[in-house]
Amino acid sequence: MFRFTTVEKSGLYGAVLDAFGVASEHLETALGIDAVRERLRAVGWLEATEDAELHEALTKLVRWELLDVVHNHAENYRTAEEYERRNLQYSLTRRGEAALAGVRHALEVLAATGALQSAVLEAIADRLDELYLLAAEPAGADRRIFSTLRELEGHLDALLENTKAFNGELQRLVRAEGADPAVFREVKAATVAYLQEFLVNLDRRGQAVAAAVARVEERGIAVLRERALRGAELPPSPGDDPAAGWLESRRARWAGLRAWFLPVDGTRPRIEHLHDIARRAIVSLLQVLERINESRRRSSSAVQDFRELARWFAAAPAERDLHRLWSAAFGLGPARHAHLAHPDPEVIPPSQPWPDAPPVEVSALLRSSARTERFTRTARVRDTARIRAERAERARAERAEIARAWRSLATEGPVRLSSFGTLDPVVFERLLDLLGRALSARPDSGGLRRATTGDGRVEIALSPPPDGRTAVLRTTRGSLSGPDYVVRVTAAGGTAAVPAPRATGTGVAR
């Protein structure tokens, strides 16, 4: 399909196809050789082209199935020469239209720079709100639904294309090292400001679009697409019905919209990934700008120093001088300890030379990590006696409360659940815990469900109500209705009394 772009005279072939594309825009479907020559001048092809060369180009395009040729029998020809020139009519085939569109799109991508436009996000939210309102109107709004849906898809396509193009340029800018530091710095500083302006209220705009998508789907997106199909007024086709393909394309576009703002599978929306990419790019660009500013502030850079040292090596008269230069340049150790002072500077007279001064202790940590050791006063040990006493008191109060609850729930024998009547909230919670444990246990051979508390000290035996009555348990927080089970609450082992809590030596709950 794109063979014409790689062969000899590719410029002429491209100009001919472009001429047919311009003619198609003016609703001219077929061109003769004279009309093709006129259109060539209109599209900017100014080179002299003989009839034989133009006829050969048209013939090859026909052979590559990019053009179609037919005989024009509707004209009246006065001479044989006129018949030869006006008889053949050329028109674009479907492959030719696709090839021309592909070349134009490639040229647009090469010329495009991409952009991050907050106005596009606001336009998407506005079109979604308009769809939400149109979904409640009668069938006369189908055409408006179609046009609004197509505008929404156009804004989404613009967002995708501009974002992809800008992200590619942004990554190339982050990796690039400009030849002119001044221009390079200005471009990166302007890009940082551009990204920071785009990130302002980006989260709010993304959430607004997501909320608008959810509102539209509440009205029924499938019904909305059907109404848009009626408003599209697709022409009849002799082949397959185009409605199915049209609806499938709309479903794919809506899925892409959800992936950007409201994913179905619970993953992060792509708009948040764009937020992360922009923030990382800002950090990277600021680091590059910092390095550029640092190099501009210094009178010389490491690169310049090494170049000067290389010139010295090249000018050294003998090998012995090379060794001396190497020792002088790279034989010095790092002087990280030069800023250290003696612990007692008063013992060193001001006039004493530094070789005669007492040595200063240098930490081994200084050479490995460029940091000195610092010893500070040991922190005070916190007194935990008061905390332990509060915890012990709280544990004793909890155990006493639990013991009172078990004693109030203890029964002399099997009783109805309704006999408990009104209960304290703490006692009610303990009773619910026991009932839940019993109901989750399997009944034994006699139909009883038995369960014990977590510490194994209290046991409950539960059997279903024989008459299907309902029990109502009341507390200060409300009431609970349920089957009137027959229950028996005893200490583990079968005694009716619930034992008191055991005291510990420290009084701390375990």
# chains A, B, ... in the order shown; residues from 1 in each chain; ligands from 1

call {"tool": "select_by_dssp", "arguments": {"residues": "region 342-371 of chain A", "states": "helix (DSSP H, G or I)", "output": "compact mmCIF listing (two decimals) with N, CA, C and O atoms, in the first residue's frame"}}
result
# COMPACT_ATOMS: atom_id res chain seq x y z
N PRO A 345 40.52 24.02 72.77
CA PRO A 345 41.38 24.90 71.96
C PRO A 345 42.25 25.83 72.80
O PRO A 345 43.21 26.40 72.28
N GLU A 346 42.00 25.98 74.12
CA GLU A 346 42.80 26.89 74.93
C GLU A 346 44.20 26.35 75.20
O GLU A 346 45.10 27.11 75.57
N VAL A 347 44.42 25.04 75.03
CA VAL A 347 45.75 24.47 75.27
C VAL A 347 46.70 24.73 74.12
O VAL A 347 47.89 24.46 74.22
N TRP A 354 51.05 24.62 63.05
CA TRP A 354 50.17 23.45 63.06
C TRP A 354 50.94 22.13 63.08
O TRP A 354 50.43 21.14 63.64
N PRO A 355 52.20 22.03 62.54
CA PRO A 355 52.88 20.72 62.69
C PRO A 355 53.22 20.40 64.14
O PRO A 355 53.34 19.21 64.50
N ASP A 356 53.38 21.42 64.99
CA ASP A 356 53.74 21.18 66.39
C ASP A 356 52.51 21.08 67.30
O ASP A 356 52.65 20.81 68.49
N ALA A 364 36.68 7.18 62.34
CA ALA A 364 36.72 6.33 61.15
C ALA A 364 35.47 6.52 60.29
O ALA A 364 35.49 6.27 59.08
N LEU A 365 34.36 6.94 60.89
CA LEU A 365 33.13 7.17 60.14
C LEU A 365 33.28 8.34 59.18
O LEU A 365 32.60 8.39 58.14
N LEU A 366 34.19 9.28 59.49
CA LEU A 366 34.36 10.45 58.65
C LEU A 366 34.91 10.09 57.28
O LEU A 366 34.47 10.61 56.26
N ARG A 367 35.84 9.16 57.22
CA ARG A 367 36.44 8.79 55.95
C ARG A 367 35.48 7.96 55.09
O ARG A 367 35.48 8.06 53.86
N SER A 368 34.65 7.14 55.70
CA SER A 368 33.77 6.25 54.93
C SER A 368 32.49 6.95 54.48
O SER A 368 32.00 6.68 53.38
N SER A 369 31.93 7.84 55.32
CA SER A 369 30.65 8.46 54.97
C SER A 369 30.66 9.97 55.05
O SER A 369 29.60 10.59 54.90

call {"tool": "closest_atom_pairs", "arguments": {"of": "region 97-180 of chain A", "to": "region 219-223 of chain A", "cutoff": "9 Å", "atoms": "only C-alpha atoms", "output": "tab-separated table"}}
result
residue	atom	partner	partner_atom	distance
A:Tyr132	CA	A:Arg219	CA	7.1
A:Ala135	CA	A:Arg219	CA	6.6
A:Ala136	CA	A:Arg219	CA	7.9

call {"tool": "atom_distance", "arguments": {"atom1": "CA of His273 (chain A)", "atom2": "CA of Glu248 (chain A)"}}
result
27.1 Å

call {"tool": "select_by_dssp", "arguments": {"residues": "region 89-159 of chain A", "states": "strand (DSSP E or B)", "output": "ChimeraX atom specification"}}
result
/A:89-92

call {"tool": "write_last_selection", "arguments": {"atoms": "N, CA, C and O atoms", "output": "CSV table (one decimal), in the first residue's frame"}}
result
chain,number,residue,atom,x,y,z
A,89,GLN,N,-10.4,7.9,-17.3
A,89,GLN,CA,-10.7,8.7,-16.1
A,89,GLN,C,-10.2,7.9,-14.9
A,89,GLN,O,-10.4,6.7,-14.8
A,90,TYR,N,-9.5,8.5,-14.0
A,90,TYR,CA,-8.8,7.9,-12.8
A,90,TYR,C,-9.6,8.3,-11.6
A,90,TYR,O,-10.0,9.5,-11.4
A,91,SER,N,-9.6,7.4,-10.6
A,91,SER,CA,-10.2,7.7,-9.3
A,91,SER,C,-9.5,6.9,-8.2
A,91,SER,O,-8.9,5.9,-8.5
A,92,LEU,N,-9.6,7.4,-7.0
A,92,LEU,CA,-9.0,6.7,-5.9
A,92,LEU,C,-9.7,5.5,-5.5
A,92,LEU,O,-11.0,5.4,-5.5

call {"tool": "residues_around", "arguments": {"residues": "Glu226 (chain A)", "least_positions_apart": "4", "cutoff": "12 Å", "atoms": "only C-alpha atoms", "output": "count of residues only"}}
result
21

call {"tool": "atom_distance", "arguments": {"atom1": "CA of Gly32 (chain A)", "atom2": "CA of Phe4 (chain A)"}}
result
20.4 Å

call {"tool": "atom_distance", "arguments": {"atom1": "CA of Glu137 (chain A)", "atom2": "CA of Pro263 (chain A)"}}
result
28.1 Å

call {"tool": "residues_around", "arguments": {"residues": "Ile348 (chain A)", "least_positions_apart": "5", "cutoff": "12 Å", "atoms": "only C-alpha atoms", "output": "PyMOL selection string"}}
result
chain A and resi 341-343+353-360

call {"tool": "residues_around", "arguments": {"residues": "Ala214 (chain A)", "least_positions_apart": "4", "cutoff": "12 Å", "atoms": "only C-alpha atoms", "output": "short mmCIF file (atom, residue, chain, number, x, y, z; two decimals) with N, CA, C and O atoms, in the first residue's frame"}}
result
data_model
loop_
_atom_site.label_atom_id
_atom_site.label_comp_id
_atom_site.auth_asym_id
_atom_site.auth_seq_id
_atom_site.Cartn_x
_atom_site.Cartn_y
_atom_site.Cartn_z
N ALA A 125 -16.08 16.72 30.56
CA ALA A 125 -17.08 16.76 31.63
C ALA A 125 -18.36 17.47 31.17
O ALA A 125 -19.47 17.02 31.49
N LEU A 128 -20.37 15.12 28.90
CA LEU A 128 -21.02 14.07 29.69
C LEU A 128 -22.24 14.61 30.42
O LEU A 128 -23.29 13.93 30.47
N ASP A 129 -22.14 15.80 30.98
CA ASP A 129 -23.31 16.40 31.62
C ASP A 129 -24.43 16.65 30.61
O ASP A 129 -25.62 16.46 30.92
N LEU A 131 -24.98 14.85 27.88
CA LEU A 131 -25.57 13.54 27.60
C LEU A 131 -26.52 13.12 28.71
O LEU A 131 -27.57 12.51 28.46
N TYR A 132 -26.16 13.42 29.96
CA TYR A 132 -27.02 13.06 31.09
C TYR A 132 -28.37 13.77 30.98
O TYR A 132 -29.42 13.17 31.25
N GLN A 207 -11.77 13.74 38.98
CA GLN A 207 -12.91 13.26 39.77
C GLN A 207 -14.23 13.78 39.21
O GLN A 207 -15.24 13.07 39.25
N ALA A 208 -14.22 14.99 38.67
CA ALA A 208 -15.45 15.53 38.08
C ALA A 208 -15.87 14.72 36.85
O ALA A 208 -17.05 14.41 36.66
N VAL A 209 -14.89 14.34 36.02
CA VAL A 209 -15.20 13.51 34.85
C VAL A 209 -15.69 12.13 35.28
O VAL A 209 -16.65 11.59 34.72
N ALA A 210 -15.04 11.53 36.30
CA ALA A 210 -15.48 10.21 36.78
C ALA A 210 -16.90 10.26 37.32
O ALA A 210 -17.71 9.36 37.06
N GLU A 218 -25.93 5.74 34.97
CA GLU A 218 -27.18 5.51 35.72
C GLU A 218 -28.40 5.61 34.81
O GLU A 218 -29.40 4.94 35.04
N ARG A 219 -28.33 6.43 33.77
CA ARG A 219 -29.44 6.57 32.82
C ARG A 219 -29.47 5.41 31.81
O ARG A 219 -30.43 5.31 31.05
N GLY A 220 -28.42 4.59 31.76
CA GLY A 220 -28.39 3.48 30.82
C GLY A 220 -27.57 3.81 29.59
O GLY A 220 -28.07 4.45 28.65
N ILE A 221 -26.31 3.40 29.57
CA ILE A 221 -25.44 3.73 28.45
C ILE A 221 -25.82 2.95 27.19
O ILE A 221 -25.68 3.44 26.07
N TRP A 254 -16.23 4.04 24.78
CA TRP A 254 -16.67 4.26 26.16
C TRP A 254 -15.78 3.49 27.14
O TRP A 254 -15.49 3.99 28.24
N LEU A 257 -12.81 5.54 27.70
CA LEU A 257 -13.10 6.66 28.60
C LEU A 257 -13.10 6.20 30.06
O LEU A 257 -12.53 6.87 30.93
N ARG A 258 -13.69 5.03 30.32
CA ARG A 258 -13.70 4.51 31.69
C ARG A 258 -12.29 4.17 32.15
O ARG A 258 -11.95 4.35 33.33
N PHE A 261 -10.70 7.37 33.46
CA PHE A 261 -11.25 8.10 34.60
C PHE A 261 -11.96 7.22 35.63
O PHE A 261 -11.99 7.57 36.81
N LEU A 262 -12.57 6.08 35.23
CA LEU A 262 -13.35 5.27 36.16
C LEU A 262 -13.23 3.80 35.75
O LEU A 262 -14.17 3.23 35.18
N PRO A 263 -12.06 3.14 36.02
CA PRO A 263 -11.87 1.76 35.58
C PRO A 263 -12.88 0.82 36.23
O PRO A 263 -13.28 0.98 37.39
N VAL A 264 -13.26 -0.22 35.46
CA VAL A 264 -14.23 -1.19 35.96
C VAL A 264 -13.57 -2.17 36.91
O VAL A 264 -14.15 -2.60 37.91
#

call {"tool": "residues_around", "arguments": {"residues": "Leu67 (chain A)", "least_positions_apart": "3", "cutoff": "9 Å", "atoms": "only C-alpha atoms", "output": "ChimeraX atom specification"}}
result
/A:17,58-64,90-96

call {"tool": "residues_around", "arguments": {"residues": "Glu401 (chain A)", "least_positions_apart": "3", "cutoff": "12 Å", "atoms": "only C-alpha atoms", "output": "VMD selection string"}}
result
chain A and resid 394 to 398 404 to 408 424 to 427 429 to 430 500 to 501

call {"tool": "closest_residue", "arguments": {"among": "A:Gly256, A:Pro242, A:Gly21, A:Gly446", "to": "Ser463 (chain A)", "atoms": "only C-alpha atoms"}}
result
A:Gly446

call {"tool": "closest_residue", "arguments": {"among": "A:Val283, A:Trp312, A:Val187, A:Gly140", "to": "Ala228 (chain A)", "atoms": "only C-alpha atoms"}}
result
A:Gly140
